[in-house]
Amino acid sequence: MEHPEVDGIIHASRLTGKDVYAIFDRAVGKLDSTPTRPLEDHPDLPEIFQEYGINLILQTYHT
């Protein structure tokens, strides 16, 4: 069943319980964006990694 009036869905994250937004392609033109920056520059990244037990494994490839 298709619902053209619906532009996305909101559901609770299974990890945090916070709202997660899934936006359908047809809604992209209705959205505004803010400037982006590389994820590694985000000031909360180390705290988030620690909170969720995430470890990075950096690997360098040489050709």
# chains A, B, ... in the order shown; residues from 1 in each chain; ligands from 1
call {"tool": "residues_around", "arguments": {"residues": "stretch 7-18 of chain A", "least_positions_apart": "2", "cutoff": "12 Å", "atoms": "only C-alpha atoms", "output": "number ranges by chain"}}
result
A: 2-5, 20-31, 48, 51-52
call {"tool": "write_last_selection", "arguments": {"atoms": "N, CA, C and O atoms", "output": "tab-separated table (two decimals), in the first residue's frame"}}
result
chain	number	residue	atom	x	y	z
A	2	GLU	N	0.63	2.17	-0.85
A	2	GLU	CA	1.44	3.37	-0.95
A	2	GLU	C	0.68	4.55	-0.35
A	2	GLU	O	-0.53	4.66	-0.48
A	3	HIS	N	1.42	5.42	0.35
A	3	HIS	CA	0.85	6.61	0.99
A	3	HIS	C	1.64	7.83	0.52
A	3	HIS	O	2.62	8.21	1.16
A	4	PRO	N	1.24	8.47	-0.57
A	4	PRO	CA	2.01	9.59	-1.11
A	4	PRO	C	2.08	10.80	-0.18
A	4	PRO	O	2.96	11.63	-0.33
A	5	GLU	N	1.21	10.90	0.80
A	5	GLU	CA	1.24	12.03	1.72
A	5	GLU	C	2.28	11.85	2.83
A	5	GLU	O	2.61	12.78	3.56
A	20	VAL	N	14.51	7.91	15.58
A	20	VAL	CA	15.30	7.79	14.36
A	20	VAL	C	14.37	8.19	13.22
A	20	VAL	O	13.22	7.76	13.16
A	21	TYR	N	14.88	9.01	12.32
A	21	TYR	CA	14.07	9.50	11.21
A	21	TYR	C	14.54	8.85	9.91
A	21	TYR	O	15.71	8.92	9.57
A	22	ALA	N	13.61	8.24	9.19
A	22	ALA	CA	13.87	7.69	7.86
A	22	ALA	C	13.10	8.56	6.87
A	22	ALA	O	11.86	8.61	6.93
A	23	ILE	N	13.81	9.26	6.01
A	23	ILE	CA	13.19	10.19	5.06
A	23	ILE	C	13.17	9.55	3.68
A	23	ILE	O	14.20	9.10	3.18
A	24	PHE	N	12.01	9.55	3.04
A	24	PHE	CA	11.87	8.99	1.71
A	24	PHE	C	12.45	9.95	0.68
A	24	PHE	O	12.48	11.16	0.88
A	25	ASP	N	12.88	9.41	-0.46
A	25	ASP	CA	13.46	10.21	-1.53
A	25	ASP	C	12.59	11.39	-1.93
A	25	ASP	O	13.08	12.48	-2.18
A	26	ARG	N	11.30	11.18	-1.97
A	26	ARG	CA	10.40	12.25	-2.43
A	26	ARG	C	10.39	13.45	-1.50
A	26	ARG	O	9.92	14.52	-1.87
A	27	ALA	N	10.90	13.33	-0.28
A	27	ALA	CA	10.89	14.42	0.68
A	27	ALA	C	12.16	15.26	0.66
A	27	ALA	O	12.21	16.33	1.25
A	28	VAL	N	13.19	14.80	-0.01
A	28	VAL	CA	14.50	15.47	0.03
A	28	VAL	C	14.40	16.94	-0.38
A	28	VAL	O	15.01	17.80	0.25
A	29	GLY	N	13.62	17.26	-1.38
A	29	GLY	CA	13.48	18.64	-1.84
A	29	GLY	C	12.81	19.55	-0.82
A	29	GLY	O	12.91	20.77	-0.91
A	30	LYS	N	12.15	18.99	0.16
A	30	LYS	CA	11.46	19.77	1.19
A	30	LYS	C	12.35	20.08	2.38
A	30	LYS	O	11.96	20.84	3.27
A	31	LEU	N	13.53	19.50	2.42
A	31	LEU	CA	14.42	19.63	3.57
A	31	LEU	C	15.44	20.74	3.39
A	31	LEU	O	15.88	21.01	2.28
A	48	ILE	N	31.05	9.37	22.48
A	48	ILE	CA	30.08	8.45	21.89
A	48	ILE	C	30.72	7.08	21.69
A	48	ILE	O	30.11	6.05	21.99
A	51	GLU	N	30.92	5.45	25.08
A	51	GLU	CA	29.59	5.07	25.59
A	51	GLU	C	29.09	3.77	24.97
A	51	GLU	O	28.49	2.94	25.64
A	52	TYR	N	29.34	3.59	23.67
A	52	TYR	CA	28.84	2.41	22.97
A	52	TYR	C	29.89	1.33	22.77
A	52	TYR	O	29.64	0.34	22.07
call {"tool": "select_by_dssp", "arguments": {"residues": "chain A", "states": "strand (DSSP E or B)", "output": "list in words"}}
result
Gly8, Ile9, Ile10, His11, Ala12, Asp19, Val20, Tyr21, Ala22 and Ile23 of chain A
call {"tool": "select_by_dssp", "arguments": {"residues": "chain A", "states": "helix (DSSP H, G or I)", "output": "MDAnalysis selection string"}}
result
chainID A and resid 25:30 39:41 45:51
call {"tool": "write_last_selection", "arguments": {"atoms": "N, CA, C and O atoms", "output": "short mmCIF file (atom, residue, chain, number, x, y, z; two decimals), in the first residue's frame"}}
result
data_model
loop_
_atom_site.label_atom_id
_atom_site.label_comp_id
_atom_site.auth_asym_id
_atom_site.auth_seq_id
_atom_site.Cartn_x
_atom_site.Cartn_y
_atom_site.Cartn_z
N ASP A 25 12.88 9.41 -0.46
CA ASP A 25 13.46 10.21 -1.53
C ASP A 25 12.59 11.39 -1.93
O ASP A 25 13.08 12.48 -2.18
N ARG A 26 11.30 11.18 -1.97
CA ARG A 26 10.40 12.25 -2.43
C ARG A 26 10.39 13.45 -1.50
O ARG A 26 9.92 14.52 -1.87
N ALA A 27 10.90 13.33 -0.28
CA ALA A 27 10.89 14.42 0.68
C ALA A 27 12.16 15.26 0.66
O ALA A 27 12.21 16.33 1.25
N VAL A 28 13.19 14.80 -0.01
CA VAL A 28 14.50 15.47 0.03
C VAL A 28 14.40 16.94 -0.38
O VAL A 28 15.01 17.80 0.25
N GLY A 29 13.62 17.26 -1.38
CA GLY A 29 13.48 18.64 -1.84
C GLY A 29 12.81 19.55 -0.82
O GLY A 29 12.91 20.77 -0.91
N LYS A 30 12.15 18.99 0.16
CA LYS A 30 11.46 19.77 1.19
C LYS A 30 12.35 20.08 2.38
O LYS A 30 11.96 20.84 3.27
N LEU A 39 33.30 13.73 10.08
CA LEU A 39 32.87 13.10 11.32
C LEU A 39 33.96 13.10 12.38
O LEU A 39 33.70 13.34 13.56
N GLU A 40 35.20 12.87 11.96
CA GLU A 40 36.29 12.80 12.94
C GLU A 40 36.54 14.12 13.65
O GLU A 40 37.19 14.17 14.69
N ASP A 41 35.98 15.23 13.14
CA ASP A 41 36.13 16.54 13.78
C ASP A 41 35.03 16.84 14.80
O ASP A 41 35.06 17.86 15.47
N LEU A 45 32.58 12.87 19.43
CA LEU A 45 32.89 11.55 18.90
C LEU A 45 33.59 10.63 19.92
O LEU A 45 33.15 9.49 20.10
N PRO A 46 34.64 11.08 20.60
CA PRO A 46 35.29 10.17 21.57
C PRO A 46 34.33 9.69 22.67
O PRO A 46 34.34 8.51 23.04
N GLU A 47 33.49 10.58 23.16
CA GLU A 47 32.54 10.21 24.21
C GLU A 47 31.52 9.18 23.70
O GLU A 47 31.18 8.22 24.40
N ILE A 48 31.05 9.37 22.48
CA ILE A 48 30.08 8.45 21.89
C ILE A 48 30.72 7.08 21.69
O ILE A 48 30.11 6.05 21.99
N PHE A 49 31.94 7.04 21.19
CA PHE A 49 32.63 5.77 21.02
C PHE A 49 32.77 5.05 22.35
O PHE A 49 32.56 3.84 22.44
N GLN A 50 33.14 5.78 23.38
CA GLN A 50 33.30 5.17 24.70
C GLN A 50 31.96 4.65 25.23
O GLN A 50 31.87 3.54 25.75
N GLU A 51 30.92 5.45 25.08
CA GLU A 51 29.59 5.07 25.59
C GLU A 51 29.09 3.77 24.97
O GLU A 51 28.49 2.94 25.64
#
call {"tool": "atom_distance", "arguments": {"atom1": "atom CA of A:Ile54", "atom2": "atom CA of A:Pro38"}}
result
18.0 Å
call {"tool": "atom_distance", "arguments": {"atom1": "atom CA of A:Pro43", "atom2": "atom CA of A:Leu56"}}
result
16.4 Å
call {"tool": "decode", "arguments": {"residues": "stretch 12-24 of chain A", "atoms": "all heavy atoms", "output": "PDB file, in the first residue's frame"}}
result
ATOM      1  N   ALA A  12      11.709   4.285  17.163  1.00  0.00           N
ATOM      2  CA  ALA A  12      12.650   4.305  18.284  1.00  0.00           C
ATOM      3  C   ALA A  12      13.872   3.452  17.949  1.00  0.00           C
ATOM      4  O   ALA A  12      13.734   2.324  17.469  1.00  0.00           O
ATOM      5  CB  ALA A  12      11.984   3.790  19.547  1.00  0.00           C
ATOM      6  N   SER A  13      15.055   3.981  18.217  1.00  0.00           N
ATOM      7  CA  SER A  13      16.294   3.235  18.017  1.00  0.00           C
ATOM      8  C   SER A  13      16.337   2.053  18.974  1.00  0.00           C
ATOM      9  O   SER A  13      16.026   2.185  20.153  1.00  0.00           O
ATOM     10  CB  SER A  13      17.502   4.144  18.278  1.00  0.00           C
ATOM     11  OG  SER A  13      18.681   3.381  18.400  1.00  0.00           O
ATOM     12  N   ARG A  14      16.743   0.903  18.480  1.00  0.00           N
ATOM     13  CA  ARG A  14      16.865  -0.261  19.364  1.00  0.00           C
ATOM     14  C   ARG A  14      18.064  -0.131  20.293  1.00  0.00           C
ATOM     15  O   ARG A  14      18.133  -0.808  21.310  1.00  0.00           O
ATOM     16  CB  ARG A  14      16.937  -1.549  18.554  1.00  0.00           C
ATOM     17  CG  ARG A  14      18.170  -1.689  17.698  1.00  0.00           C
ATOM     18  CD  ARG A  14      18.125  -2.990  16.890  1.00  0.00           C
ATOM     19  NE  ARG A  14      19.266  -3.098  16.040  1.00  0.00           N
ATOM     20  CZ  ARG A  14      20.431  -3.615  16.381  1.00  0.00           C
ATOM     21  NH1 ARG A  14      20.607  -4.088  17.590  1.00  0.00           N
ATOM     22  NH2 ARG A  14      21.429  -3.670  15.530  1.00  0.00           N
ATOM     23  N   LEU A  15      19.022   0.743  19.960  1.00  0.00           N
ATOM     24  CA  LEU A  15      20.201   0.932  20.805  1.00  0.00           C
ATOM     25  C   LEU A  15      19.989   1.980  21.882  1.00  0.00           C
ATOM     26  O   LEU A  15      20.397   1.801  23.026  1.00  0.00           O
ATOM     27  CB  LEU A  15      21.408   1.323  19.952  1.00  0.00           C
ATOM     28  CG  LEU A  15      21.863   0.299  18.922  1.00  0.00           C
ATOM     29  CD1 LEU A  15      22.979   0.876  18.067  1.00  0.00           C
ATOM     30  CD2 LEU A  15      22.309  -0.974  19.609  1.00  0.00           C
ATOM     31  N   THR A  16      19.356   3.098  21.510  1.00  0.00           N
ATOM     32  CA  THR A  16      19.248   4.215  22.448  1.00  0.00           C
ATOM     33  C   THR A  16      17.826   4.521  22.884  1.00  0.00           C
ATOM     34  O   THR A  16      17.627   5.219  23.867  1.00  0.00           O
ATOM     35  CB  THR A  16      19.831   5.501  21.831  1.00  0.00           C
ATOM     36  OG1 THR A  16      19.004   5.893  20.726  1.00  0.00           O
ATOM     37  CG2 THR A  16      21.267   5.303  21.383  1.00  0.00           C
ATOM     38  N   GLY A  17      16.842   4.031  22.143  1.00  0.00           N
ATOM     39  CA  GLY A  17      15.455   4.360  22.431  1.00  0.00           C
ATOM     40  C   GLY A  17      15.057   5.731  21.924  1.00  0.00           C
ATOM     41  O   GLY A  17      13.895   6.109  22.007  1.00  0.00           O
ATOM     42  N   LYS A  18      16.010   6.486  21.387  1.00  0.00           N
ATOM     43  CA  LYS A  18      15.714   7.822  20.850  1.00  0.00           C
ATOM     44  C   LYS A  18      15.109   7.700  19.458  1.00  0.00           C
ATOM     45  O   LYS A  18      15.232   6.674  18.795  1.00  0.00           O
ATOM     46  CB  LYS A  18      16.990   8.660  20.798  1.00  0.00           C
ATOM     47  CG  LYS A  18      17.550   8.964  22.176  1.00  0.00           C
ATOM     48  CD  LYS A  18      18.786   9.826  22.086  1.00  0.00           C
ATOM     49  CE  LYS A  18      19.329  10.113  23.481  1.00  0.00           C
ATOM     50  NZ  LYS A  18      20.535  10.925  23.439  1.00  0.00           N
ATOM     51  N   ASP A  19      14.439   8.776  19.031  1.00  0.00           N
ATOM     52  CA  ASP A  19      13.808   8.777  17.716  1.00  0.00           C
ATOM     53  C   ASP A  19      14.836   8.704  16.595  1.00  0.00           C
ATOM     54  O   ASP A  19      15.885   9.351  16.644  1.00  0.00           O
ATOM     55  CB  ASP A  19      12.968  10.045  17.515  1.00  0.00           C
ATOM     56  CG  ASP A  19      11.695  10.037  18.340  1.00  0.00           C
ATOM     57  OD1 ASP A  19      11.299   8.963  18.827  1.00  0.00           O
ATOM     58  OD2 ASP A  19      11.089  11.111  18.490  1.00  0.00           O
ATOM     59  N   VAL A  20      14.512   7.908  15.582  1.00  0.00           N
ATOM     60  CA  VAL A  20      15.301   7.792  14.364  1.00  0.00           C
ATOM     61  C   VAL A  20      14.374   8.188  13.216  1.00  0.00           C
ATOM     62  O   VAL A  20      13.223   7.764  13.161  1.00  0.00           O
ATOM     63  CB  VAL A  20      15.798   6.345  14.160  1.00  0.00           C
ATOM     64  CG1 VAL A  20      16.508   6.198  12.825  1.00  0.00           C
ATOM     65  CG2 VAL A  20      16.691   5.921  15.304  1.00  0.00           C
ATOM     66  N   TYR A  21      14.875   9.013  12.320  1.00  0.00           N
ATOM     67  CA  TYR A  21      14.073   9.498  11.210  1.00  0.00           C
ATOM     68  C   TYR A  21      14.537   8.848   9.913  1.00  0.00           C
ATOM     69  O   TYR A  21      15.707   8.919   9.567  1.00  0.00           O
ATOM     70  CB  TYR A  21      14.203  11.022  11.082  1.00  0.00           C
ATOM     71  CG  TYR A  21      13.700  11.752  12.308  1.00  0.00           C
ATOM     72  CD1 TYR A  21      14.504  11.929  13.421  1.00  0.00           C
ATOM     73  CD2 TYR A  21      12.405  12.249  12.346  1.00  0.00           C
ATOM     74  CE1 TYR A  21      14.041  12.577  14.552  1.00  0.00           C
ATOM     75  CE2 TYR A  21      11.938  12.909  13.464  1.00  0.00           C
ATOM     76  CZ  TYR A  21      12.753  13.070  14.564  1.00  0.00           C
ATOM     77  OH  TYR A  21      12.290  13.708  15.670  1.00  0.00           O
ATOM     78  N   ALA A  22      13.609   8.237   9.188  1.00  0.00           N
ATOM     79  CA  ALA A  22      13.874   7.693   7.857  1.00  0.00           C
ATOM     80  C   ALA A  22      13.097   8.556   6.872  1.00  0.00           C
ATOM     81  O   ALA A  22      11.865   8.611   6.925  1.00  0.00           O
ATOM     82  CB  ALA A  22      13.432   6.240   7.774  1.00  0.00           C
ATOM     83  N   ILE A  23      13.809   9.257   6.006  1.00  0.00           N
ATOM     84  CA  ILE A  23      13.190  10.187   5.065  1.00  0.00           C
ATOM     85  C   ILE A  23      13.174   9.554   3.678  1.00  0.00           C
ATOM     86  O   ILE A  23      14.202   9.099   3.180  1.00  0.00           O
ATOM     87  CB  ILE A  23      13.978  11.520   5.019  1.00  0.00           C
ATOM     88  CG1 ILE A  23      14.158  12.104   6.427  1.00  0.00           C
ATOM     89  CG2 ILE A  23      13.294  12.507   4.087  1.00  0.00           C
ATOM     90  CD1 ILE A  23      12.893  12.400   7.166  1.00  0.00           C
ATOM     91  N   PHE A  24      12.007   9.545   3.042  1.00  0.00           N
ATOM     92  CA  PHE A  24      11.874   8.985   1.712  1.00  0.00           C
ATOM     93  C   PHE A  24      12.449   9.953   0.677  1.00  0.00           C
ATOM     94  O   PHE A  24      12.479  11.163   0.883  1.00  0.00           O
ATOM     95  CB  PHE A  24      10.407   8.696   1.384  1.00  0.00           C
ATOM     96  CG  PHE A  24       9.743   7.726   2.335  1.00  0.00           C
ATOM     97  CD1 PHE A  24       8.390   7.811   2.585  1.00  0.00           C
ATOM     98  CD2 PHE A  24      10.470   6.731   2.972  1.00  0.00           C
ATOM     99  CE1 PHE A  24       7.767   6.924   3.451  1.00  0.00           C
ATOM    100  CE2 PHE A  24       9.856   5.842   3.838  1.00  0.00           C
ATOM    101  CZ  PHE A  24       8.500   5.942   4.082  1.00  0.00           C
TER     102      PHE A  24
END
